[in-house]
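To start, the structure itself, in C-alpha cells.
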Amino acid sequence: MQIGILGPFEVRDDDGGLTDVPGARLRALLIVLALRPGHSVPKASLIDGIWGERPPADATNALQRLVSRLRKLLPDGVVEGQPDGYRLRVEPDAVDAVRFERLVVGQARTGDGSRRVRVLREALDLWRGAAMQDVGLQDSAAFDAAVVRLEGLRLTSTEEWADAEVSLGRGGEMVTKLTDLVAAHPVRERLVAALMRALVAAGRDSEALLVYQRAREALADALGVDPSPELAALHVALLRGELGRGEPGRGDLRRNNLGRGEASRKTNLRAELTTFVGRGTDVAAVRDLMSQHRLTTVLGPGGSGKTRLATETARTLLGDLPDGAWLVELAAIGADGDVAQAALAGLGLRDALLGGPPNAELTDRLIAAIREREALLILDNCEHVIESAAVFAHRVLGECRRLRILATSREPLGITGEALWLVEPLALPEGDAGPAEIEASPAVQLLRDRAGAVRRDLAVDARTLATMVRVCRTLDGMPLAIELAAARLRTMSVDQLAGRLDDRFRLLTGGSRT
C-alpha cells in the first residue's frame with residue numbers, strides 16, 4: 001500500500017489501484033497515523049489532529065468509530081490497536097512525506113555534491129502539489145502545523161538543491177528556475193544568494209546587483225530588517241569582482257549560513273572570554289535534572305551566575321542534541337514583550353516569520369518550525385515576563401515532544417513537572433581554613449582567576465589570600481560582585497580593594513562594558 005499526501009491525497013493498493021477514503025476526518029486519521037508509520041500514535045494526538053480544539057463530547061468513542069470505518073477500507077491488520085492508541089503497519093517509504101524527510105535528512109550527511117543533487121531531486125520529485133491540498137479539514141491547529149512544517153521543509157530542500165546545483169558549476173542552467181523561485185519567495189535570502197551566484201556564472205553581474213537591491217527592499221518592506229551579514233558579504237564580494245574568481249562568496253560564503261542554512265549550526269551560544277570557575281558540581285546536578293525533566297529552571301538572585309551556569313551546562317550537552325542548544329535572551333524585551341518572537345530570533349528562524357497562514361500567531365509558527373527537533377531552548381532571565389514565559393514554555397513543550405527547556409529566573413515558572421535548581425553563592429572557606437583550603441575555595445578561585453587577568457604581577461601569599469577571603473565574604477560569595485571587584489584591581493591593590501568595600505555600590509558600578 002502506498003499513501004500520498006504531498007499533493008492530492010491518494011491511497012494505492014499493491015496493484016496500483018486507488019482506494020477511496022471519503023471524508024475529511026477519515027483522511028485526517030489516516031494521515032496522522034501515516035506520518036508515524038510503524039509507531040503507536042496516542043489517542044490524544046489523533047483526537048487533536050482530527051478535531052483540534054473542538055472535539056466531540058465522547059471523543060474516544062468517536063475515534064473508535066472512525067478507526068472501524070478506516071479498517072474496512074484498508075487491508076486486514078494494517079491499522080493495529082495499541083494499549084494507548086493505534087499503529088499503521090506500513091513501511092516508512094510507503095508514505096511519500098516520510099520518504100521525503102528520510103531522503104532530505106540522508107543527503108545532509110554526505111559531502112558528495114553530485115550525490116546530494118541526485119538525492120534532493122529524488123526527494124523533491126515526490127511532490128505532486130501542495131501538501132494535503134484536498135483533505136478539507138477545518139479547525140485543527142495540529143493538522144495545519146503539519147502542513148506548514150512539510151511545506152517549509154520542501155522550500156528549505158529546494159534551497160539546498162539550488163545551492164548544490166550552483167556549487168557544481170551549473171549556475172547558468174539554474175538562472176530561469178531561480179528567478180521564478182525568488183519571485184515567489186522574495187525574502188528567502190538563500191535563494192537570493194543562489195540566484196546572484198548563478199547570474200555571475202552566466203556573466204550577468206549587473207543583474208546580480210539588481211537582484212540584491214530588490215531583495216534589500218523586499219526585506220525592509222516585509223520584515224523591517226536589513227539583509228543578513230552573509231548576503232551583504234556576498235554583495236561586497238560581487239562589487240569587488242571576487243565571485244567569478246572562486247574567491248569569497250563562491251566558496252567561503254557558500255559554506256556559511258547562506259550555503260547550508262541555520263541547520264549547519266548547532267548553537268548560538270557565544271564563546272566565553274573567561275574560564276568557568278567553581279560550579280562543576282552545579283553543572284552535574286543540573287544535567288541530572290534535565291535528564292529526568294523536560295523543563296528545568298535555574299533559580300537565584302541577580303548576579304548569582306544563573307546564566308553562566310545554564311549556558312555552560314548546555315555546552316556539555318551539545319553532543320547529545322542533534323538539533324542543538326539555543327539561547328533565548330529575554331532581558332532585552334519589555335514586560336509586555338513577545339517571548340515567541342525572541343525565541344524565533346534566538347533560533348535564527350527569520351523565515352518562520354513569513355511562513356504559514358498570514359494570521360498565524362508567532363508561537364504557532366515557531367512550533368511548526370521545531371515540532372520534530374530534538375533541541376534545547378535556554379529561556380534566560382524570565383522573571384520580568386514570568387507569566388508569558390510560563391505560557392510559552394507550557395505550550396511549546398506540549399506540542400514539541402523532543403524539545404527540552406532550561407530556564408533561568410528569580411522565581412519558578414510554576415508549571416507542573418518543572419524541576420528547580422537553586423544557585424547558591426560560591427562557597428567560602430571556613431574561618432580556620434589553611435592556605436590550601438583557601439586556595440581551593442570556589443569564591444577565592446574566581447577572584448584569583450579574574451584578578452590574574454588584570455594584574456599579572458599579583459603576588460598570592462598567605463596575607464593576600466586572607467585579604468581575598470575578606471573581600472569574598474564581604475561580597476557574600478556572589479560571582480558578579482566578585483568579578484566587578486576583580487576588575488578594580490587594575491588600579492588598586494587587594495588591600496585597597498578590601499578597605500573600600502564599605503561603599504560597595506560606588507566601587508562596583510563598572511567593570512566590563514558588555
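Residues in the C-alpha cells are named by chain (A, B, ... in the order shown) and by number from 1 within that chain; ligands are numbered from 1 in the order shown.
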Excluding Ala331 in chain A and residues on its chain fewer than 3 positions from it, collect all residues at most 10 Å away from it, counting only C-alpha atoms, and give them as a PDB file with C-alpha atoms, in the first residue's frame.
ATOM      1  CA  VAL A 328      16.764  32.994  24.018  1.00  0.00           C
ATOM      2  CA  GLY A 334       9.916  44.648  27.802  1.00  0.00           C
ATOM      3  CA  ALA A 335       7.423  43.340  30.330  1.00  0.00           C
ATOM      4  CA  GLY A 337       7.431  41.618  25.037  1.00  0.00           C
ATOM      5  CA  LEU A 379      14.992  30.903  28.247  1.00  0.00           C
ATOM      6  CA  ASP A 380      17.261  33.374  30.020  1.00  0.00           C
ATOM      7  CA  ASN A 381      16.038  35.975  32.545  1.00  0.00           C
ATOM      8  CA  CYS A 382      12.352  35.058  32.700  1.00  0.00           C
ATOM      9  CA  GLU A 383      11.431  36.945  35.856  1.00  0.00           C
ATOM     10  CA  HIS A 384      10.056  40.133  34.259  1.00  0.00           C
ATOM     11  CA  VAL A 385       7.959  38.160  31.749  1.00  0.00           C
TER      12      VAL A 385
END
Do a neighbour search on Leu309 in chain A at 12 Å with only C-alpha atoms, toss out local chain neighbours closer than 3 positions, and write the hits as a compact mmCIF listing (two decimals) with N, CA and C atoms, in the first residue's frame.
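New file around_35.txt:
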# COMPACT_ATOMS: atom_id res chain seq x y z
N THR A 275 37.23 31.81 32.03
CA THR A 275 37.05 30.43 32.46
C THR A 275 35.84 30.31 33.38
N PHE A 276 35.33 29.10 33.47
CA PHE A 276 34.16 28.82 34.32
C PHE A 276 34.68 28.22 35.61
N VAL A 277 34.44 28.92 36.71
CA VAL A 277 35.10 28.57 37.97
C VAL A 277 34.08 28.20 39.04
N GLY A 278 34.32 27.10 39.73
CA GLY A 278 33.63 26.80 40.98
C GLY A 278 32.24 26.24 40.89
N ARG A 279 31.78 25.85 39.70
CA ARG A 279 30.40 25.38 39.56
C ARG A 279 30.31 23.98 38.95
N GLY A 280 31.38 23.20 38.99
CA GLY A 280 31.35 21.87 38.39
C GLY A 280 30.27 20.99 38.97
N THR A 281 30.07 21.05 40.28
CA THR A 281 29.02 20.24 40.93
C THR A 281 27.64 20.68 40.48
N ASP A 282 27.46 22.00 40.33
CA ASP A 282 26.17 22.51 39.89
C ASP A 282 25.85 22.05 38.47
N VAL A 283 26.85 22.05 37.59
CA VAL A 283 26.63 21.60 36.20
C VAL A 283 26.16 20.15 36.20
N ALA A 284 26.83 19.31 36.98
CA ALA A 284 26.45 17.90 37.04
C ALA A 284 25.02 17.74 37.57
N ALA A 285 24.66 18.55 38.58
CA ALA A 285 23.31 18.44 39.17
C ALA A 285 22.24 18.89 38.18
N VAL A 286 22.50 19.99 37.47
CA VAL A 286 21.51 20.48 36.51
C VAL A 286 21.37 19.49 35.34
N ARG A 287 22.49 18.93 34.90
CA ARG A 287 22.43 17.90 33.84
C ARG A 287 21.56 16.73 34.28
N THR A 297 14.38 24.79 35.74
CA THR A 297 14.60 26.22 35.96
C THR A 297 15.71 26.42 36.98
N VAL A 298 16.69 27.22 36.60
CA VAL A 298 17.79 27.59 37.48
C VAL A 298 17.38 28.88 38.18
N LEU A 299 17.27 28.82 39.51
CA LEU A 299 16.78 29.95 40.31
C LEU A 299 17.91 30.62 41.06
N GLY A 300 17.77 31.91 41.28
CA GLY A 300 18.75 32.63 42.08
C GLY A 300 18.59 34.12 41.92
N GLY A 303 22.97 38.33 39.71
CA GLY A 303 24.40 38.28 39.97
C GLY A 303 24.89 36.97 40.54
N SER A 304 24.00 35.98 40.67
CA SER A 304 24.41 34.70 41.28
C SER A 304 25.03 33.74 40.27
N GLY A 305 24.97 34.07 38.98
CA GLY A 305 25.60 33.23 37.97
C GLY A 305 24.66 32.26 37.30
N LYS A 306 23.36 32.57 37.26
CA LYS A 306 22.37 31.67 36.67
C LYS A 306 22.63 31.46 35.17
N GLU A 312 26.80 27.01 30.35
CA GLU A 312 27.88 26.01 30.46
C GLU A 312 27.31 24.60 30.52
N THR A 313 26.18 24.45 31.19
CA THR A 313 25.53 23.13 31.22
C THR A 313 25.09 22.75 29.81
N ALA A 314 24.49 23.69 29.11
CA ALA A 314 24.04 23.42 27.73
C ALA A 314 25.22 23.04 26.84
N ARG A 315 26.35 23.68 27.05
CA ARG A 315 27.52 23.39 26.22
C ARG A 315 27.96 21.94 26.38
N THR A 316 27.82 21.39 27.59
CA THR A 316 28.21 19.99 27.81
C THR A 316 27.25 19.01 27.17
N ILE A 378 17.14 27.67 25.86
CA ILE A 378 17.52 28.28 27.13
C ILE A 378 16.78 29.61 27.23
N ASP A 380 16.41 32.69 29.05
CA ASP A 380 17.26 33.37 30.02
C ASP A 380 16.60 34.65 30.54
N LEU A 406 15.55 24.84 29.36
CA LEU A 406 16.30 25.21 30.56
C LEU A 406 16.09 26.70 30.75
N ALA A 407 15.44 27.07 31.84
CA ALA A 407 15.12 28.48 32.09
C ALA A 407 15.98 29.02 33.22
N THR A 408 16.21 30.33 33.21
CA THR A 408 16.83 30.99 34.36
C THR A 408 15.87 32.09 34.81
N TRP A 421 16.48 24.19 40.35
CA TRP A 421 17.82 24.14 40.94
C TRP A 421 18.17 25.54 41.43
N LEU A 422 18.39 25.66 42.75
CA LEU A 422 18.71 26.93 43.37
C LEU A 422 20.21 27.16 43.33
N VAL A 423 20.62 28.27 42.74
CA VAL A 423 22.04 28.61 42.66
C VAL A 423 22.45 29.29 43.95
N GLU A 424 23.32 28.65 44.68
CA GLU A 424 23.83 29.22 45.93
C GLU A 424 25.03 30.11 45.63
N PRO A 479 29.05 35.77 42.46
CA PRO A 479 30.01 35.80 41.34
C PRO A 479 30.12 37.15 40.64
Legend entry - Non-local contacts of Asp48 in chain A (12 Å; only C-alpha atoms; under 3 positions in same chain excluded) as a PyMOL selection string: chain A and resi 25+28-29+32+41-45+51-56+59-60+63+138-145+398-399
Take the selection from the previous step and output its residues with N, CA and C atoms, as a PDB file, in the first residue's frame.
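After the write, out.pdb holds the following:
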ATOM      1  N   ARG A  25     -12.366  13.855   7.957  1.00  0.00           N
ATOM      2  CA  ARG A  25     -11.875  13.308   9.222  1.00  0.00           C
ATOM      3  C   ARG A  25     -11.262  11.926   9.035  1.00  0.00           C
ATOM      4  N   ALA A  28      -7.950  12.545   7.586  1.00  0.00           N
ATOM      5  CA  ALA A  28      -7.057  13.100   8.608  1.00  0.00           C
ATOM      6  C   ALA A  28      -6.543  12.008   9.541  1.00  0.00           C
ATOM      7  N   LEU A  29      -7.406  11.067   9.917  1.00  0.00           N
ATOM      8  CA  LEU A  29      -6.992   9.944  10.768  1.00  0.00           C
ATOM      9  C   LEU A  29      -5.875   9.159  10.092  1.00  0.00           C
ATOM     10  N   VAL A  32      -2.556  11.270  10.006  1.00  0.00           N
ATOM     11  CA  VAL A  32      -1.854  11.364  11.299  1.00  0.00           C
ATOM     12  C   VAL A  32      -1.144  10.044  11.608  1.00  0.00           C
ATOM     13  N   VAL A  41       0.530   5.813  17.790  1.00  0.00           N
ATOM     14  CA  VAL A  41       0.151   7.217  17.931  1.00  0.00           C
ATOM     15  C   VAL A  41      -0.905   7.317  19.034  1.00  0.00           C
ATOM     16  N   PRO A  42      -0.641   8.069  20.105  1.00  0.00           N
ATOM     17  CA  PRO A  42      -1.597   8.160  21.214  1.00  0.00           C
ATOM     18  C   PRO A  42      -2.967   8.655  20.754  1.00  0.00           C
ATOM     19  N   LYS A  43      -3.996   8.182  21.442  1.00  0.00           N
ATOM     20  CA  LYS A  43      -5.351   8.605  21.102  1.00  0.00           C
ATOM     21  C   LYS A  43      -5.506  10.121  21.208  1.00  0.00           C
ATOM     22  N   ALA A  44      -4.860  10.718  22.224  1.00  0.00           N
ATOM     23  CA  ALA A  44      -4.974  12.173  22.407  1.00  0.00           C
ATOM     24  C   ALA A  44      -4.419  12.914  21.189  1.00  0.00           C
ATOM     25  N   SER A  45      -3.311  12.414  20.628  1.00  0.00           N
ATOM     26  CA  SER A  45      -2.731  13.055  19.444  1.00  0.00           C
ATOM     27  C   SER A  45      -3.647  12.902  18.236  1.00  0.00           C
ATOM     28  N   TRP A  51      -9.835  16.703  15.322  1.00  0.00           N
ATOM     29  CA  TRP A  51     -10.868  17.666  15.725  1.00  0.00           C
ATOM     30  C   TRP A  51     -10.318  18.988  16.262  1.00  0.00           C
ATOM     31  N   GLY A  52      -9.019  19.053  16.526  1.00  0.00           N
ATOM     32  CA  GLY A  52      -8.435  20.285  17.045  1.00  0.00           C
ATOM     33  C   GLY A  52      -9.016  20.668  18.384  1.00  0.00           C
ATOM     34  N   GLU A  53      -9.370  21.938  18.520  1.00  0.00           N
ATOM     35  CA  GLU A  53      -9.889  22.441  19.796  1.00  0.00           C
ATOM     36  C   GLU A  53     -11.391  22.205  19.960  1.00  0.00           C
ATOM     37  N   ARG A  54     -12.025  21.503  19.003  1.00  0.00           N
ATOM     38  CA  ARG A  54     -13.472  21.256  19.101  1.00  0.00           C
ATOM     39  C   ARG A  54     -13.773  19.764  18.998  1.00  0.00           C
ATOM     40  N   PRO A  55     -13.247  18.967  19.931  1.00  0.00           N
ATOM     41  CA  PRO A  55     -13.528  17.526  19.885  1.00  0.00           C
ATOM     42  C   PRO A  55     -14.979  17.257  20.280  1.00  0.00           C
ATOM     43  N   PRO A  56     -15.539  16.139  19.817  1.00  0.00           N
ATOM     44  CA  PRO A  56     -16.908  15.795  20.221  1.00  0.00           C
ATOM     45  C   PRO A  56     -16.966  15.462  21.708  1.00  0.00           C
ATOM     46  N   ALA A  59     -15.136  11.905  22.624  1.00  0.00           N
ATOM     47  CA  ALA A  59     -14.114  11.859  21.578  1.00  0.00           C
ATOM     48  C   ALA A  59     -13.519  10.463  21.403  1.00  0.00           C
ATOM     49  N   THR A  60     -13.344   9.731  22.489  1.00  0.00           N
ATOM     50  CA  THR A  60     -12.720   8.404  22.397  1.00  0.00           C
ATOM     51  C   THR A  60     -13.584   7.461  21.571  1.00  0.00           C
ATOM     52  N   LEU A  63     -13.506   8.447  17.949  1.00  0.00           N
ATOM     53  CA  LEU A  63     -12.269   7.985  17.319  1.00  0.00           C
ATOM     54  C   LEU A  63     -12.361   6.496  16.976  1.00  0.00           C
ATOM     55  N   GLN A 138     -11.011  21.244   8.806  1.00  0.00           N
ATOM     56  CA  GLN A 138     -11.128  22.578   9.371  1.00  0.00           C
ATOM     57  C   GLN A 138     -10.819  22.563  10.868  1.00  0.00           C
ATOM     58  N   ASP A 139     -10.291  23.692  11.372  1.00  0.00           N
ATOM     59  CA  ASP A 139     -10.151  23.940  12.820  1.00  0.00           C
ATOM     60  C   ASP A 139      -9.204  22.984  13.531  1.00  0.00           C
ATOM     61  N   SER A 140      -8.201  22.455  12.844  1.00  0.00           N
ATOM     62  CA  SER A 140      -7.213  21.611  13.517  1.00  0.00           C
ATOM     63  C   SER A 140      -5.851  22.270  13.430  1.00  0.00           C
ATOM     64  N   ALA A 141      -5.413  22.876  14.547  1.00  0.00           N
ATOM     65  CA  ALA A 141      -4.121  23.561  14.556  1.00  0.00           C
ATOM     66  C   ALA A 141      -2.979  22.578  14.338  1.00  0.00           C
ATOM     67  N   ALA A 142      -3.097  21.369  14.900  1.00  0.00           N
ATOM     68  CA  ALA A 142      -2.034  20.375  14.745  1.00  0.00           C
ATOM     69  C   ALA A 142      -1.900  19.950  13.288  1.00  0.00           C
ATOM     70  N   PHE A 143      -3.032  19.784  12.609  1.00  0.00           N
ATOM     71  CA  PHE A 143      -3.017  19.399  11.194  1.00  0.00           C
ATOM     72  C   PHE A 143      -2.414  20.529  10.357  1.00  0.00           C
ATOM     73  N   ASP A 144      -2.839  21.765  10.634  1.00  0.00           N
ATOM     74  CA  ASP A 144      -2.290  22.907   9.907  1.00  0.00           C
ATOM     75  C   ASP A 144      -0.791  23.026  10.125  1.00  0.00           C
ATOM     76  N   ALA A 145      -0.346  22.764  11.364  1.00  0.00           N
ATOM     77  CA  ALA A 145       1.083  22.850  11.666  1.00  0.00           C
ATOM     78  C   ALA A 145       1.875  21.809  10.886  1.00  0.00           C
ATOM     79  N   GLY A 398       4.358  21.084  25.239  1.00  0.00           N
ATOM     80  CA  GLY A 398       3.226  20.202  24.986  1.00  0.00           C
ATOM     81  C   GLY A 398       3.142  19.743  23.544  1.00  0.00           C
ATOM     82  N   GLU A 399       3.632  20.555  22.619  1.00  0.00           N
ATOM     83  CA  GLU A 399       3.492  20.223  21.195  1.00  0.00           C
ATOM     84  C   GLU A 399       4.793  19.780  20.532  1.00  0.00           C
TER      85      GLU A 399
END
DSSP on the backbone, strand (DSSP E or B) only: what residues of range 195-372 of chain A does that give? Format it as a JSON list (two decimals) with N, CA and C atoms, in the first residue's frame.
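This went into result23.json:
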[["chain", "number", "residue", "atom", "x", "y", "z"],
["A", 267, "THR", "N", 24.29, 25.68, 17.67],
["A", 267, "THR", "CA", 24.06, 26.53, 18.82],
["A", 267, "THR", "C", 24.33, 27.98, 18.46],
["A", 295, "LEU", "N", 11.54, 20.34, 31.59],
["A", 295, "LEU", "CA", 11.64, 21.75, 31.96],
["A", 295, "LEU", "C", 12.42, 21.85, 33.27],
["A", 296, "THR", "N", 13.54, 22.52, 33.23],
["A", 296, "THR", "CA", 14.35, 22.75, 34.42],
["A", 296, "THR", "C", 14.59, 24.25, 34.54],
["A", 297, "THR", "N", 14.38, 24.79, 35.74],
["A", 297, "THR", "CA", 14.60, 26.22, 35.96],
["A", 297, "THR", "C", 15.71, 26.42, 36.98],
["A", 298, "VAL", "N", 16.69, 27.22, 36.60],
["A", 298, "VAL", "CA", 17.79, 27.59, 37.48],
["A", 298, "VAL", "C", 17.38, 28.88, 38.18],
["A", 299, "LEU", "N", 17.27, 28.82, 39.51],
["A", 299, "LEU", "CA", 16.78, 29.95, 40.31],
["A", 299, "LEU", "C", 17.91, 30.62, 41.06],
["A", 325, "ALA", "N", 21.51, 23.54, 20.90],
["A", 325, "ALA", "CA", 21.06, 24.29, 22.08],
["A", 325, "ALA", "C", 21.05, 25.77, 21.71],
["A", 326, "TRP", "N", 19.96, 26.44, 22.05],
["A", 326, "TRP", "CA", 19.74, 27.80, 21.55],
["A", 326, "TRP", "C", 19.35, 28.73, 22.69],
["A", 327, "LEU", "N", 20.11, 29.81, 22.84],
["A", 327, "LEU", "CA", 19.88, 30.79, 23.89],
["A", 327, "LEU", "C", 18.84, 31.81, 23.45],
["A", 328, "VAL", "N", 17.81, 31.99, 24.27],
["A", 328, "VAL", "CA", 16.76, 32.99, 24.02],
["A", 328, "VAL", "C", 16.90, 34.05, 25.10],
["A", 329, "GLU", "N", 17.41, 35.22, 24.74],
["A", 329, "GLU", "CA", 17.69, 36.26, 25.72],
["A", 329, "GLU", "C", 16.44, 37.14, 25.91]]
Legend entry - Those of range 175-318 of chain A in DSSP alpha helix (DSSP H), formatted as a ChimeraX atom specification: /A:175-184,189-201,205-223,229-239,257-260,280-292,306-317
Inset, instruction - Enter the distance from CA of Pro227 in chain A to CA of Ala215 in chain A, in Å, rounded to one decimal. - result: 7.7 Å
Leu35 in chain A environment, 8 Å, only C-alpha atoms, sequence neighbours closer than 4 positions dropped, as a compact mmCIF listing (two decimals) with N, CA and C atoms, in the first residue's frame:
# COMPACT_ATOMS: atom_id res chain seq x y z
N ILE A 31 -3.86 10.14 7.74
CA ILE A 31 -2.64 10.95 7.58
C ILE A 31 -1.86 11.04 8.88
N VAL A 95 4.97 5.89 2.59
CA VAL A 95 4.34 7.20 2.78
C VAL A 95 5.25 8.25 2.15
N ALA A 97 5.52 11.45 2.27
CA ALA A 97 6.06 12.51 3.13
C ALA A 97 7.19 11.98 4.01
N VAL A 98 7.04 10.75 4.50
CA VAL A 98 8.09 10.15 5.34
C VAL A 98 9.32 9.86 4.49
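When the distance limit is 6 Å and only C-alpha atoms are what count, the residues near Phe9 in chain A, minus those fewer than 3 positions from it on the same chain, are Gly4, Ile5 and Met132 of chain A.
Using only C-alpha atoms for every distance, the candidate list A:Thr158, A:Thr474, A:Gln341, A:Ser40 yields A:Thr158 as the residue closest to Val104 in chain A.
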Within 10 Å of range 362-374 of chain A, which residues of range 145-188 of chain A show up? Give each one with its shortest atom-to-atom distance in Å (one decimal) and the two atoms involved, counting only C-alpha atoms, rows by chain then rising residue number, as a Markdown table.
| residue | atom | partner | partner_atom | distance |
| --- | --- | --- | --- | --- |
| A:Ala145 | CA | A:Ala368 | CA | 5.0 |
| A:Ala146 | CA | A:Ala368 | CA | 6.8 |
| A:Val147 | CA | A:Ala368 | CA | 8.5 |
| A:Val148 | CA | A:Ala368 | CA | 6.2 |
| A:Arg149 | CA | A:Ala368 | CA | 5.2 |
| A:Leu150 | CA | A:Ala368 | CA | 9.0 |
| A:Gly152 | CA | A:Ala369 | CA | 7.6 |
| A:Leu153 | CA | A:Ala369 | CA | 8.8 |
Take the residues from that selection and write them out as a short mmCIF file (atom, residue, chain, number, x, y, z; two decimals), in the first residue's frame, keeping N, CA and C atoms.
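Saved the output as result38.cif:
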data_model
loop_
_atom_site.label_atom_id
_atom_site.label_comp_id
_atom_site.auth_asym_id
_atom_site.auth_seq_id
_atom_site.Cartn_x
_atom_site.Cartn_y
_atom_site.Cartn_z
N ALA A 145 -0.35 22.76 11.36
CA ALA A 145 1.08 22.85 11.67
C ALA A 145 1.88 21.81 10.89
N ALA A 146 1.30 20.61 10.71
CA ALA A 146 1.97 19.57 9.93
C ALA A 146 2.13 20.01 8.48
N VAL A 147 1.11 20.66 7.94
CA VAL A 147 1.19 21.16 6.56
C VAL A 147 2.28 22.22 6.46
N VAL A 148 2.28 23.16 7.41
CA VAL A 148 3.27 24.24 7.39
C VAL A 148 4.69 23.67 7.48
N ARG A 149 4.86 22.67 8.34
CA ARG A 149 6.19 22.08 8.52
C ARG A 149 6.67 21.40 7.23
N LEU A 150 5.79 20.63 6.60
CA LEU A 150 6.18 19.96 5.36
C LEU A 150 6.49 20.96 4.25
N GLY A 152 7.47 24.00 4.65
CA GLY A 152 8.72 24.66 5.00
C GLY A 152 9.93 23.80 4.67
N LEU A 153 9.82 22.50 4.94
CA LEU A 153 10.92 21.58 4.62
C LEU A 153 11.10 21.47 3.11
#
Legend entry - Proximity to Gly431 in chain A - best of A:Val469, A:Leu26, A:Leu330, A:Val211, only C-alpha atoms: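 Of the candidates, the smallest distance to Gly431 in chain A is held by A:Val469.
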Inset, instruction - Report the distance between CA of Glu159 in chain A and CA of Leu181 in chain A in Å, rounded to one decimal place. - result: 9.3 Å
Inset, instruction - Kindly indicate which residue among A:Leu475, A:Leu273, A:Ala375, A:Leu480 lies nearest to Thr307 in chain A, using only C-alpha atoms for the distances. - result: A:Leu480
Legend entry - Nearest-residue call for Gly171 in chain A, choices A:Val200, A:Ala453, A:Leu88, A:Ala131, using only C-alpha atoms: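 Using only C-alpha atoms, the shortest distance to Gly171 in chain A belongs to A:Val200.
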